[in-house]
$ cat query27.cif   # mmCIF, C-alpha atoms
data_coords
loop_
_atom_site.group_PDB
_atom_site.id
_atom_site.type_symbol
_atom_site.label_atom_id
_atom_site.label_comp_id
_atom_site.auth_asym_id
_atom_site.auth_seq_id
_atom_site.Cartn_x
_atom_site.Cartn_y
_atom_site.Cartn_z
ATOM 1 C CA MET A 21 0.000 0.000 0.000
ATOM 2 C CA LYS A 22 2.822 2.425 0.858
ATOM 3 C CA LEU A 23 4.524 1.590 -2.449
ATOM 4 C CA LYS A 24 1.349 2.440 -4.383
ATOM 5 C CA THR A 25 1.039 5.779 -2.535
ATOM 6 C CA LEU A 26 4.724 6.530 -3.128
ATOM 7 C CA LEU A 27 4.414 5.725 -6.848
ATOM 8 C CA SER A 28 1.311 7.901 -7.163
ATOM 9 C CA ALA A 29 3.136 10.793 -5.502
ATOM 10 C CA GLY A 30 6.097 10.317 -7.856
ATOM 11 C CA VAL A 31 3.848 10.348 -10.918
ATOM 12 C CA ALA A 32 2.122 13.518 -9.663
ATOM 13 C CA LEU A 33 5.480 15.262 -9.133
ATOM 14 C CA ALA A 34 6.694 14.242 -12.597
ATOM 15 C CA ALA A 35 3.470 15.518 -14.187
ATOM 16 C CA ALA A 36 3.768 18.823 -12.315
ATOM 17 C CA ALA A 37 7.356 19.266 -13.510
ATOM 18 C CA TRP A 38 6.348 18.436 -17.105
ATOM 19 C CA ALA A 39 3.539 20.982 -17.001
ATOM 20 C CA SER A 40 5.653 23.670 -15.311
ATOM 21 C CA PRO A 41 5.682 26.842 -17.378
ATOM 22 C CA GLY A 42 9.405 27.557 -16.853
ATOM 23 C CA THR A 43 10.971 30.871 -15.895
ATOM 24 C CA ALA A 44 10.504 34.136 -17.780
ATOM 25 C CA ALA A 45 13.586 36.050 -18.928
ATOM 26 C CA THR A 46 13.870 39.473 -20.569
ATOM 27 C CA ALA A 47 15.276 39.717 -24.103
ATOM 28 C CA ASN A 48 16.619 42.993 -25.461
ATOM 29 C CA GLY A 49 17.644 43.772 -29.022
ATOM 30 C CA PRO A 50 20.786 41.995 -30.275
ATOM 31 C CA ILE A 51 22.400 44.918 -32.142
ATOM 32 C CA CYS A 52 23.595 48.185 -30.528
ATOM 33 C CA ASP A 53 22.767 50.274 -33.589
ATOM 34 C CA THR A 54 19.759 52.578 -33.792
ATOM 35 C CA ALA A 55 19.255 51.341 -37.388
ATOM 36 C CA ALA A 56 18.433 47.805 -36.121
ATOM 37 C CA TYR A 57 14.807 46.811 -36.749
ATOM 38 C CA VAL A 58 12.667 43.674 -36.598
ATOM 39 C CA ASN A 59 12.073 42.556 -40.181
ATOM 40 C CA SER A 60 10.414 39.128 -39.655
ATOM 41 C CA THR A 61 8.189 37.827 -36.867
ATOM 42 C CA THR A 62 5.447 35.216 -37.056
ATOM 43 C CA TYR A 63 5.787 35.336 -40.872
ATOM 44 C CA TYR A 64 8.892 35.755 -43.054
ATOM 45 C CA ASN A 65 9.209 39.392 -44.115
ATOM 46 C CA CYS A 66 6.053 39.946 -42.047
ATOM 47 C CA THR A 67 3.691 38.642 -44.745
ATOM 48 C CA GLY A 68 5.219 35.402 -46.097
ATOM 49 C CA SER A 69 5.178 31.820 -44.852
ATOM 50 C CA SER A 70 5.284 30.781 -41.191
ATOM 51 C CA HIS A 71 8.434 31.765 -39.309
ATOM 52 C CA THR A 72 7.566 32.079 -35.570
ATOM 53 C CA ALA A 73 10.803 33.851 -34.635
ATOM 54 C CA LEU A 74 12.327 37.327 -34.667
ATOM 55 C CA ASP A 75 14.745 38.405 -37.389
ATOM 56 C CA VAL A 76 16.598 41.631 -36.693
ATOM 57 C CA GLY A 77 18.829 43.413 -39.171
ATOM 58 C CA ASN A 78 20.591 46.721 -39.655
ATOM 59 C CA SER A 79 21.706 46.465 -43.315
ATOM 60 C CA SER A 80 25.283 45.517 -42.441
ATOM 61 C CA CYS A 81 27.355 42.347 -42.334
ATOM 62 C CA GLY A 82 30.492 41.670 -40.311
ATOM 63 C CA GLU A 83 30.508 45.133 -38.735
ATOM 64 C CA TRP A 84 28.227 45.257 -35.683
ATOM 65 C CA ASN A 85 28.366 43.010 -32.634
ATOM 66 C CA HIS A 86 25.633 40.378 -32.420
ATOM 67 C CA ARG A 87 24.956 40.430 -28.680
ATOM 68 C CA GLY A 88 23.392 37.978 -26.288
ATOM 69 C CA MET A 89 19.780 39.163 -25.899
ATOM 70 C CA LEU A 90 18.993 37.812 -22.419
ATOM 71 C CA VAL A 91 19.282 40.297 -19.559
ATOM 72 C CA GLY A 92 21.199 38.705 -16.667
ATOM 73 C CA ASN A 93 23.923 36.068 -16.547
ATOM 74 C CA TYR A 94 23.077 33.115 -18.784
ATOM 75 C CA TYR A 95 25.119 30.221 -20.131
ATOM 76 C CA TYR A 96 25.358 30.502 -23.934
ATOM 77 C CA TYR A 97 26.394 27.199 -25.528
ATOM 78 C CA TYR A 98 28.182 27.778 -28.840
ATOM 79 C CA TYR A 99 27.655 25.773 -32.023
ATOM 80 C CA GLY A 100 30.140 27.125 -34.557
ATOM 81 C CA GLY A 101 32.465 26.027 -37.282
ATOM 82 C CA CYS A 102 30.823 27.881 -40.172
ATOM 83 C CA ALA A 103 32.895 30.037 -42.492
ATOM 84 C CA ALA A 104 32.106 33.753 -42.596
ATOM 85 C CA ALA A 105 29.084 34.430 -44.791
ATOM 86 C CA CYS A 106 26.654 37.291 -45.314
ATOM 87 C CA TYR A 107 24.180 35.654 -47.701
ATOM 88 C CA GLY A 108 23.916 32.033 -46.620
ATOM 89 C CA SER A 109 26.040 28.907 -46.433
ATOM 90 C CA THR A 110 25.449 25.234 -45.796
ATOM 91 C CA CYS A 111 26.354 24.712 -42.170
ATOM 92 C CA ASN A 112 24.898 23.286 -38.938
ATOM 93 C CA GLY A 113 21.635 22.189 -40.552
ATOM 94 C CA GLY A 114 20.775 25.696 -41.712
ATOM 95 C CA ALA A 115 21.350 27.410 -38.344
ATOM 96 C CA GLY A 116 24.854 28.583 -39.221
ATOM 97 C CA ASN A 117 26.886 29.694 -36.212
ATOM 98 C CA TYR A 118 24.527 29.831 -33.261
ATOM 99 C CA TYR A 119 24.046 29.823 -29.498
ATOM 100 C CA VAL A 120 21.552 28.049 -27.259
ATOM 101 C CA VAL A 121 20.538 28.963 -23.718
ATOM 102 C CA SER A 122 18.746 25.966 -22.198
ATOM 103 C CA GLY A 123 16.139 26.185 -19.479
ATOM 104 C CA ALA A 124 13.860 23.776 -17.633
ATOM 105 C CA ASN A 125 11.172 21.531 -19.111
ATOM 106 C CA GLY A 126 12.509 21.475 -22.652
ATOM 107 C CA TRP A 127 12.720 25.276 -23.098
ATOM 108 C CA ASP A 128 15.549 26.801 -25.180
ATOM 109 C CA PHE A 129 16.346 30.270 -26.468
ATOM 110 C CA ARG A 130 18.435 30.345 -29.648
ATOM 111 C CA GLN A 131 20.302 33.042 -31.578
ATOM 112 C CA LEU A 132 21.388 32.091 -35.119
ATOM 113 C CA HIS A 133 23.296 33.096 -38.261
ATOM 114 C CA PHE A 134 26.083 35.165 -36.743
ATOM 115 C CA TYR A 135 29.527 35.689 -38.205
ATOM 116 C CA ALA A 136 32.096 34.232 -35.781
ATOM 117 C CA ASN A 137 34.967 36.358 -34.486
ATOM 118 C CA VAL A 138 37.276 36.441 -31.432
ATOM 119 C CA SER A 139 34.215 36.963 -29.166
ATOM 120 C CA SER A 140 32.659 33.655 -30.244
ATOM 121 C CA GLY A 141 32.659 30.661 -27.902
ATOM 122 C CA THR A 142 30.696 29.047 -25.068
ATOM 123 C CA LYS A 143 30.384 31.470 -22.144
ATOM 124 C CA THR A 144 28.309 32.774 -19.264
ATOM 125 C CA CYS A 145 27.534 36.450 -19.686
ATOM 126 C CA ASP A 146 25.011 39.296 -19.546
ATOM 127 C CA ARG A 147 24.273 40.642 -23.063
ATOM 128 C CA CYS A 148 27.887 40.118 -24.165
ATOM 129 C CA ALA A 149 29.219 40.068 -27.731
ATOM 130 C CA LEU A 150 28.660 36.663 -29.356
ATOM 131 C CA GLY A 151 30.081 37.453 -32.795
ATOM 132 C CA LEU A 152 29.148 39.816 -35.620
ATOM 133 C CA VAL A 153 25.845 40.229 -37.462
ATOM 134 C CA GLY A 154 26.086 37.820 -40.389
ATOM 135 C CA GLY A 155 24.228 35.412 -42.609
ATOM 136 C CA THR A 156 25.657 31.936 -41.977
ATOM 137 C CA GLY A 157 23.444 28.886 -42.537
ATOM 138 C CA SER A 158 20.122 29.181 -44.392
ATOM 139 C CA ALA A 159 20.067 32.969 -44.438
ATOM 140 C CA THR A 160 19.140 35.200 -47.367
ATOM 141 C CA GLY A 161 20.981 38.142 -45.852
ATOM 142 C CA PRO A 162 22.744 39.312 -42.684
ATOM 143 C CA HIS A 163 20.534 39.334 -39.602
ATOM 144 C CA SER A 164 20.057 37.956 -36.116
ATOM 145 C CA HIS A 165 17.441 35.192 -35.857
ATOM 146 C CA SER A 166 16.073 34.499 -32.362
ATOM 147 C CA ASP A 167 13.561 31.894 -31.298
ATOM 148 C CA ASN A 168 12.138 30.369 -28.125
ATOM 149 C CA ARG A 169 11.336 26.646 -28.288
ATOM 150 C CA GLN A 170 9.828 24.038 -26.054
ATOM 151 C CA TYR A 171 10.851 20.491 -26.981
ATOM 152 C CA GLY A 172 11.864 21.780 -30.436
ATOM 153 C CA THR A 173 8.607 23.618 -31.237
ATOM 154 C CA ARG A 174 8.906 27.365 -31.811
ATOM 155 C CA LYS A 175 6.644 29.568 -29.691
ATOM 156 C CA SER A 176 5.682 33.149 -30.571
ATOM 157 C CA ALA A 177 4.240 34.332 -27.247
ATOM 158 C CA TRP A 178 7.690 35.433 -26.058
ATOM 159 C CA TYR A 179 7.609 38.443 -28.420
ATOM 160 C CA THR A 180 3.892 38.883 -29.205
ATOM 161 C CA SER A 181 3.096 39.253 -25.479
ATOM 162 C CA VAL A 182 5.090 42.511 -25.335
ATOM 163 C CA GLY A 183 3.831 43.901 -28.655
ATOM 164 C CA THR A 184 6.947 43.346 -30.792
ATOM 165 C CA THR A 185 5.975 43.497 -34.480
ATOM 166 C CA CYS A 186 7.662 44.129 -37.811
ATOM 167 C CA GLY A 187 9.309 47.520 -37.780
ATOM 168 C CA THR A 188 9.953 47.545 -34.012
ATOM 169 C CA ASN A 189 13.269 49.219 -33.220
ATOM 170 C CA ALA A 190 15.636 46.473 -32.015
ATOM 171 C CA TYR A 191 18.380 48.582 -30.438
ATOM 172 C CA CYS A 192 20.189 46.646 -27.701
ATOM 173 C CA ASN A 193 18.525 48.538 -24.811
ATOM 174 C CA ASN A 194 14.991 47.969 -26.137
ATOM 175 C CA ARG A 195 12.987 45.022 -24.791
ATOM 176 C CA LEU A 196 11.802 42.739 -27.590
ATOM 177 C CA GLY A 197 10.395 39.855 -25.623
ATOM 178 C CA VAL A 198 10.046 37.668 -22.564
ATOM 179 C CA PRO A 199 11.255 34.166 -23.490
ATOM 180 C CA THR A 200 10.606 31.171 -21.256
ATOM 181 C CA LEU A 201 13.553 29.184 -19.920
#

$ encode --input "query27.cif" --output "structure tokens"
Amino acid sequence: MKLKTLLSAGVALAAAAWASPGTAATANGPICDTAAYVNSTTYYNCTGSSHTALDVGNSSCGEWNHRGMLVGNYYYYYYGGCAAACYGSTCNGGAGNYYVVSGANGWDFRQLHFYANVSSGTKTCDRCALGLVGGTGSATGPHSHSDNRQYGTRKSAWYTSVGTTCGTNAYCNNRLGVPTL
């Protein structure tokens, strides 16, 4: 009887952990340039096919730092190895050079397509330089792609909940979203 009660309690705890919403973080713009704007959100180029992520660009490649967007100290795991590119390359399954910040219950926050430089590498930091704005992987031009996923499925609430839309200024001190980790 005690074993049955103990097993039931264990199942209830596991279910509660699975259903846990995770922890909210704050995400600011990835480029410290006043010319940085959101140019894709739920749809590519704001009117095309499904995208469910933020693309931020400032019409430059290899010039401006691509910064970690999360406010506070987070562990950014680096997936690199892609040659410098501004208009796409075949590397890392289309993600190009990218970082992942992992949270609880299958939540991840990813930043993709940057141009690696001396700043690139796995690190714990608060909005530090990750590389340069680039277009590595399946990119049609230089930009910063950011998405929030749970168990691999992209979620849009992290940016729609704060009103971020196409044309939003994405300067590095402007809040663009509240991803779950």

$ atom_distance --input "query27.cif" --atom1 "CA of Ala136 in chain A" --atom2 "CA of Pro50 in chain A"
14.8 Å

$ closest_residue --input "query27.cif" --among "A:Gly151, A:Gly88, A:Gly161, A:Gly183" --to "Val198 in chain A" --atoms "only C-alpha atoms"
A:Gly183

$ closest_residue --input "query27.cif" --among "A:Leu201, A:Leu196, A:Val182, A:Cys52" --to "Cys148 in chain A" --atoms "only C-alpha atoms"
A:Cys52

$ closest_residue --input "query27.cif" --among "A:Thr142, A:Ser79, A:Ser109, A:Thr72" --to "Asp53 in chain A" --atoms "all atoms listed in the file"
A:Ser79

$ atom_distance --input "query27.cif" --atom1 "CA of Asn125 in chain A" --atom2 "CA of Tyr96 in chain A"
17.5 Å

$ residues_around --input "query27.cif" --residues "Cys102 in chain A" --least-positions-apart "4" --cutoff "12 Å" --atoms "only C-alpha atoms" --output "PyMOL selection string"
chain A and resi 98+106+108-118+132-137+140+154-158

$ resolve_selection --input "query27.cif" --expression "the PyMOL selection byres ((chain A and resi 173-180) around 10)" --output "VMD selection string"
chain A and resid 44 to 47 61 to 62 71 to 74 126 to 129 167 to 172 181 to 185 195 to 200

$ atom_distance --input "query27.cif" --atom1 "CA of His86 in chain A" --atom2 "CA of Asn65 in chain A"
20.2 Å

$ resolve_selection --input "query27.cif" --expression "the PyMOL selection byres ((chain A and resi 190) around 8)" --output "ChimeraX atom specification"
/A:48-51,54,56-58,76,188-189,191-192,194-196

$ closest_residue --input "query27.cif" --among "A:Gly187, A:Tyr107, A:His165, A:Arg87" --to "Asp75 in chain A" --atoms "all atoms listed in the file"
A:His165

$ closest_residue --input "query27.cif" --among "A:Asn193, A:Asn59, A:Asn78, A:Thr43" --to "Ser166 in chain A" --atoms "all atoms listed in the file"
A:Asn59

$ residues_around --input "query27.cif" --residues "Tyr94 in chain A" --least-positions-apart "4" --cutoff "9 Å" --atoms "all atoms listed in the file" --output "list in words"
Gly88, Leu90, Val121, Lys143, Thr144, Cys145, Asp146 and Arg147 of chain A

$ resolve_selection --input "query27.cif" --expression "the PyMOL selection byres ((chain A and resi 82) around 7)" --output "NGL selection string"
:A and (80-81 or 83-84 or 135 or 152-154)
